[in-house]
Amino acid sequence: MSDTFNFPFEKHLNNEQLEAVNAINGPVLVIAGAGSGKTRTLVFRLLNLIRLGINPESILLLTFTRKAAASMIERASELIGGICNNVFGGTFHAFSHLMLRRYHGYAGLNKDFTILDRSDVQDIFNLIVKQKGNDINKKNLADKRFLASLASRVANHNAGLLSLLETEFLHLLNDYELIKDILESYEEYKKNSALLDFDDLLVRWRDTLKNNPELQNLVSSHFKYIMVDEYQDTNTIQADIVRIVAGKDQNIMAVGDDSQSIYAFRGANFKNILEFPHIFPNCRIIKLEKNYRTTQPNLDCTNAIISCAKESFHKRLVAVRDGGNPPFYHFPFDELNQAGFVAERIKELLDKNVAPKEIAVLFRAGFHSYHLEAELAKHNIKYEKRGGLKLFEAAHIKDATALLKLTINPLEPLSLNRALMLVNKIGTKTVLSIYENLVSADDPLDLMANYETKAVWKESLRELGKILKIIRETHTSITDNFQMLDKWYFPNLMRLYPEDYHKRNRDLQQFYEMSAKYSDKVSFLSDISLDPPESLSSRHDNDSIILSTIHSAKGLEWKVVFIISLCEGKFPSQSSNYEEIEEERRLFYVASTRAKDVLFLLVPQSGANFPAIPSRFFQEIPIKLMNQWKGPQNELKRDVSVLKSNIGISSGHRAFSLKKPTLSGTDSGNNNAVSNSDSSKFKIGLNVSHQIFGHGIVTEIVSTEKIKVKFHNAGEKTLHVGYANLNILS
DNA sequence: TTTGCTTATCTTTTT
DNA sequence: GATAAGCAAA
């Protein structure tokens with residue numbers, strides 16, 4: 001093994017990285033920009049620890065996703081031959097979960113607690129609100145998502161509900177008692193059914209450590225070396241856990257970039273990274289300012305994006321790589337043309353033998369890629385979608401899971417409700433009366449299997465009861481349980497989804513098979529909530545391009561990256577308020593820094609809102625740092641007047657598309673179009689026309705790039721000359 | 001009274 | 001596509 005450790009660290013790391021890797025004892029904070037080799041630094045530190053003879057079991061590697069930890073350990077293992085496998089690597093949630101199971105006695109928890117995922121939490125709030133009656137609906141608290149996020153905020157907010165309402169939801173202060181009551185019911189519900197939500201995992205583990213000094217000693221002497229990735233996205237509870245587990249040795253290294261903090265909505269606090277030196281006063285701070293990922297033209301552009309941030313420590317990254325081109329921008333007419341444009345470019349890239357897995361399309365929200373998905377399918381381009389709607393949020397998977405949960409606890413109200421609602425002619429009221437009867441029975445399953453009623457659903461309920469009874473009495477595998485339950489479920493599936501029950505059934509069979517690896521239900525259920533697989537087909541395709549939400553793209557990189565739908569309302573998202581805009585900007589920064597070679601920025605001119613306004617983030621980039629796409633484009637372009645008369649029609653139709661010259665310089669119909677960004681061609685009083693706003697008069701030259709135009713029918717608008725594609729009429 | 005079908009509306013982001 | 005609201009039917 002010692003030969004392996006002649007590994008020449010110096011050749012692979014720069015001086016700053018080397019300094020971090022060699023700082024074995026005491027706390028170290030590495031502050032670094034995108035593409036600076038943070039992850040690489042952590043991997044090499046892992047190697048270095050092993051080289052120094054540190055027991056792998058005493059190393060704790062905390063990352064943002066489970067996958068990130070796995071791939072880092074894999075990379076380290078490749079270099080030294082598998083010895084890293086005993087390193088504990090995973091998310092804070094996975095770590096807390098494991099520890100709580102191991103030390104459930106200290107935590108005062110039921111050994112078989114299960115984990116609630118996001119939709120479970122929302123369903124429970126739904127149930128509670130329904131039980132509390134109608135007055136809640138009147139109070140505008142009916143949005144279960146709001147209640148779920150409120151509960152999470154309270155868990156992450158050490159000061160409690162009242163102060164949270166006082167600081168952020170003043171308008172709800174009058175409802176304090178009611179909200180408090182709902183949140184208490186939620187806590188009670190979880191306690192009764194031995195359930196923990198994601199926040200509970202962290203809070204309970206931190207408090208268990210806090211309250212048990214002997215456990216604290218045990219754990220902190222076991223994990224002697226702690227490494228934390230993406231520290232800017234930790235919340236205060238996670239910071240507490242790090243501090244406690246670090247113990248007296250404080251052999252901790254955290255890496256992060258305050259400019260990439262994008263999880264404030266989830267309680268992450270990028271100020272954590274600033275407080276690190278206060279929590280660990282003797283810590284070493286190392287800055288990495290070289291960028292290895294991309295080229296200088298791309299960096300100039302991303303530097304410009306983040307320089308607009310209101311509160312950030314201005315880092316200016318310098319590229320190590322030579323050459324490269326500035327990012328391309330393009331203004332497709334609408335979302336369909338955008339999809340067409342992206343698909344065309346991807347096809348060209350694939351024809352040039354760019355590997356599919358080196359191409360990614362990024363967007364703000366999961367549903368923004370719908371048009372593109374259809375277009376890619378049309379071109380037979382395989383893709384893998386990350387983020388957005390989770391697979392296990394599909395109704396049929398949730399049904400199957402609920403049925404399985406009933407085999408553990410037949411009276412778990414949420415699962416029982418979900419299962420019984422599947423039966424024809426059973427609705428909310430009937431469920432409630434069945435539930436009341438079952439609760440008061442000596443043996444609920446026995447009652448269910450022999451339920452007396454005149455209603456048509458008698459046999460269906462009895463059959464479910466019988467199946468659950470058999471499963472209780474025979475100890476077969478989870479997959480067997482699923483197959484038995486499926487006999488009951490399948491007819492309902494067919495009735496509920498006559499259109500696509502085939503597809504759903506295929507999903508289900510694969511889902512059942514997935515459970516074959518597990519011997520106990522509790523760990524199966526925990527795993528699918530904590531670490532849901534991206535897709536049911538486990539083979540990962542190397543011939544698929546990636547479609548991803550920006551959040552899911554964190555920490556990754558591709559040769560070619562497209563960022564689509566850069567218009568107001570989509571990115572930044574419609575629902576972001578003033579403070580959240582800053583986080584949206586950092587999100588755009590994260591997206592744009594994923595590209596190694598080529599970055600495309602796509603700004604549709606129309607969409608859900610007609611016309612679309614280009615994203616403020618796009619407009620902030622000096623136009624000279626980018627190039628407009630001039631290459632081939634075979635997209636269709638609609639006639640505006642036709643489109644206008646069809647506004648009421650769903651945008652999904654291509655029927656009224658017309659072939660028309662494209663927007664770039666070769667157009668014959670747009671001879672006077674001003675395609676560069678120079679406003680000097682315009683004078684006040686000049687007559688111009690815009691393809692959407694119509695005719696108007698220039699009223700003001702705002703800057704070298706922006707002018708104001710008063711349109712006869714659309715009022716005064718400030719236009720970006722490079723974007724607006726104005727025709728000069730006189 | 002309860003269920004179930006049709007229609008309209010809206011869709012952040014994640015452990 | 002999911003879901004809530006509104007209305008018809010049992």
# chains A, B, ... in the order shown; residues from 1 in each chain; ligands from 1

call {"tool": "select_by_dssp", "arguments": {"residues": "region 268-415 of chain A", "states": "alpha helix (DSSP H)", "output": "ChimeraX atom specification"}}
result
/A:271-279,296-307,335-351,370-378,395-408,413-415

call {"tool": "closest_atom_pairs", "arguments": {"of": "chain A", "to": "chain C", "cutoff": "12 Å", "atoms": "only C-alpha atoms (C1' of nucleotides)", "output": "Markdown table"}}
result
| residue | atom | partner | partner_atom | distance |
| --- | --- | --- | --- | --- |
| A:Ala142 | CA | C:DA4 | C1' | 11.4 |
| A:Asp143 | CA | C:DA4 | C1' | 11.2 |
| A:Gly366 | CA | C:DG1 | C1' | 11.7 |
| A:Phe367 | CA | C:DG1 | C1' | 9.4 |
| A:Tyr370 | CA | C:DG1 | C1' | 10.4 |
| A:Leu389 | CA | C:DG1 | C1' | 10.0 |
| A:Glu393 | CA | C:DA2 | C1' | 10.7 |
| A:Ala394 | CA | C:DA2 | C1' | 9.8 |
| A:Ala395 | CA | C:DA2 | C1' | 9.8 |
| A:Lys425 | CA | C:DA10 | C1' | 10.1 |

call {"tool": "select_by_dssp", "arguments": {"residues": "region 530-622 of chain A", "states": "strand (DSSP E or B)", "output": "PyMOL selection string"}}
result
chain A and resi 545-549+558-563+567+569+573+595-602+614

call {"tool": "write_last_selection", "arguments": {"atoms": "C-alpha atoms", "output": "PDB file, in the first residue's frame"}}
result
ATOM      1  CA  ILE A 545     -28.158  14.177 -22.428  1.00  0.00           C
ATOM      2  CA  ILE A 546     -29.119  15.808 -19.135  1.00  0.00           C
ATOM      3  CA  LEU A 547     -32.129  17.989 -18.449  1.00  0.00           C
ATOM      4  CA  SER A 548     -31.950  19.405 -14.971  1.00  0.00           C
ATOM      5  CA  THR A 549     -33.295  22.037 -12.644  1.00  0.00           C
ATOM      6  CA  TRP A 558     -20.744  19.823 -18.599  1.00  0.00           C
ATOM      7  CA  LYS A 559     -18.936  20.820 -21.783  1.00  0.00           C
ATOM      8  CA  VAL A 560     -22.010  22.443 -23.274  1.00  0.00           C
ATOM      9  CA  VAL A 561     -24.739  24.021 -21.184  1.00  0.00           C
ATOM     10  CA  PHE A 562     -27.997  25.597 -22.336  1.00  0.00           C
ATOM     11  CA  ILE A 563     -29.930  27.814 -19.927  1.00  0.00           C
ATOM     12  CA  CYS A 567     -37.609  35.623 -19.068  1.00  0.00           C
ATOM     13  CA  GLY A 569     -41.771  35.349 -14.380  1.00  0.00           C
ATOM     14  CA  SER A 573     -39.678  32.962 -10.718  1.00  0.00           C
ATOM     15  CA  ALA A 595     -20.336  25.190 -18.497  1.00  0.00           C
ATOM     16  CA  LYS A 596     -16.838  24.048 -19.288  1.00  0.00           C
ATOM     17  CA  ASP A 597     -16.687  25.125 -22.941  1.00  0.00           C
ATOM     18  CA  VAL A 598     -19.863  26.527 -24.417  1.00  0.00           C
ATOM     19  CA  LEU A 599     -22.736  28.340 -22.764  1.00  0.00           C
ATOM     20  CA  PHE A 600     -26.018  29.142 -24.529  1.00  0.00           C
ATOM     21  CA  LEU A 601     -28.474  31.640 -23.051  1.00  0.00           C
ATOM     22  CA  LEU A 602     -31.988  31.412 -24.462  1.00  0.00           C
ATOM     23  CA  PRO A 614     -36.238  39.195 -20.940  1.00  0.00           C
TER      24      PRO A 614
END

call {"tool": "closest_atom_pairs", "arguments": {"of": "chain B", "to": "chain A", "cutoff": "10 Å", "atoms": "only C-alpha atoms (C1' of nucleotides)", "output": "tab-separated table"}}
result
residue	atom	partner	partner_atom	distance
B:DT1	C1'	A:Lys429	CA	9.6
B:DT2	C1'	A:Gly427	CA	7.3
B:DT3	C1'	A:Lys425	CA	6.2
B:DG4	C1'	A:Lys425	CA	8.4
B:DT11	C1'	A:Phe367	CA	7.1
B:DT12	C1'	A:Ala365	CA	5.6
B:DT13	C1'	A:His551	CA	6.2
B:DT14	C1'	A:Arg266	CA	7.6
B:DT15	C1'	A:His93	CA	6.5

call {"tool": "residues_around", "arguments": {"residues": "Ile697 (chain A)", "least_positions_apart": "5", "cutoff": "9 Å", "atoms": "only C-alpha atoms (C1' of nucleotides)", "output": "ChimeraX atom specification"}}
result
/A:684-689,708-712

call {"tool": "write_last_selection", "arguments": {"atoms": "C-alpha atoms", "output": "PDB file, in the first residue's frame"}}
result
ATOM      1  CA  ILE A 684     -35.362  60.987 -30.417  1.00  0.00           C
ATOM      2  CA  GLY A 685     -38.407  61.324 -32.632  1.00  0.00           C
ATOM      3  CA  LEU A 686     -37.441  58.476 -34.940  1.00  0.00           C
ATOM      4  CA  ASN A 687     -40.304  56.276 -36.180  1.00  0.00           C
ATOM      5  CA  VAL A 688     -39.713  52.629 -35.424  1.00  0.00           C
ATOM      6  CA  SER A 689     -41.688  49.422 -35.448  1.00  0.00           C
ATOM      7  CA  LYS A 708     -37.407  54.406 -24.637  1.00  0.00           C
ATOM      8  CA  VAL A 709     -40.082  54.144 -27.283  1.00  0.00           C
ATOM      9  CA  LYS A 710     -43.656  55.406 -27.081  1.00  0.00           C
ATOM     10  CA  PHE A 711     -45.805  52.957 -29.021  1.00  0.00           C
ATOM     11  CA  HIS A 712     -49.110  54.077 -30.471  1.00  0.00           C
TER      12      HIS A 712
END

call {"tool": "residues_around", "arguments": {"residues": "region 304-310 of chain A", "least_positions_apart": "5", "cutoff": "10 Å", "atoms": "only C-alpha atoms (C1' of nucleotides)", "output": "PyMOL selection string"}}
result
chain A and resi 259-260+298-299+315-316+581-583+585-590+592+617-622+625
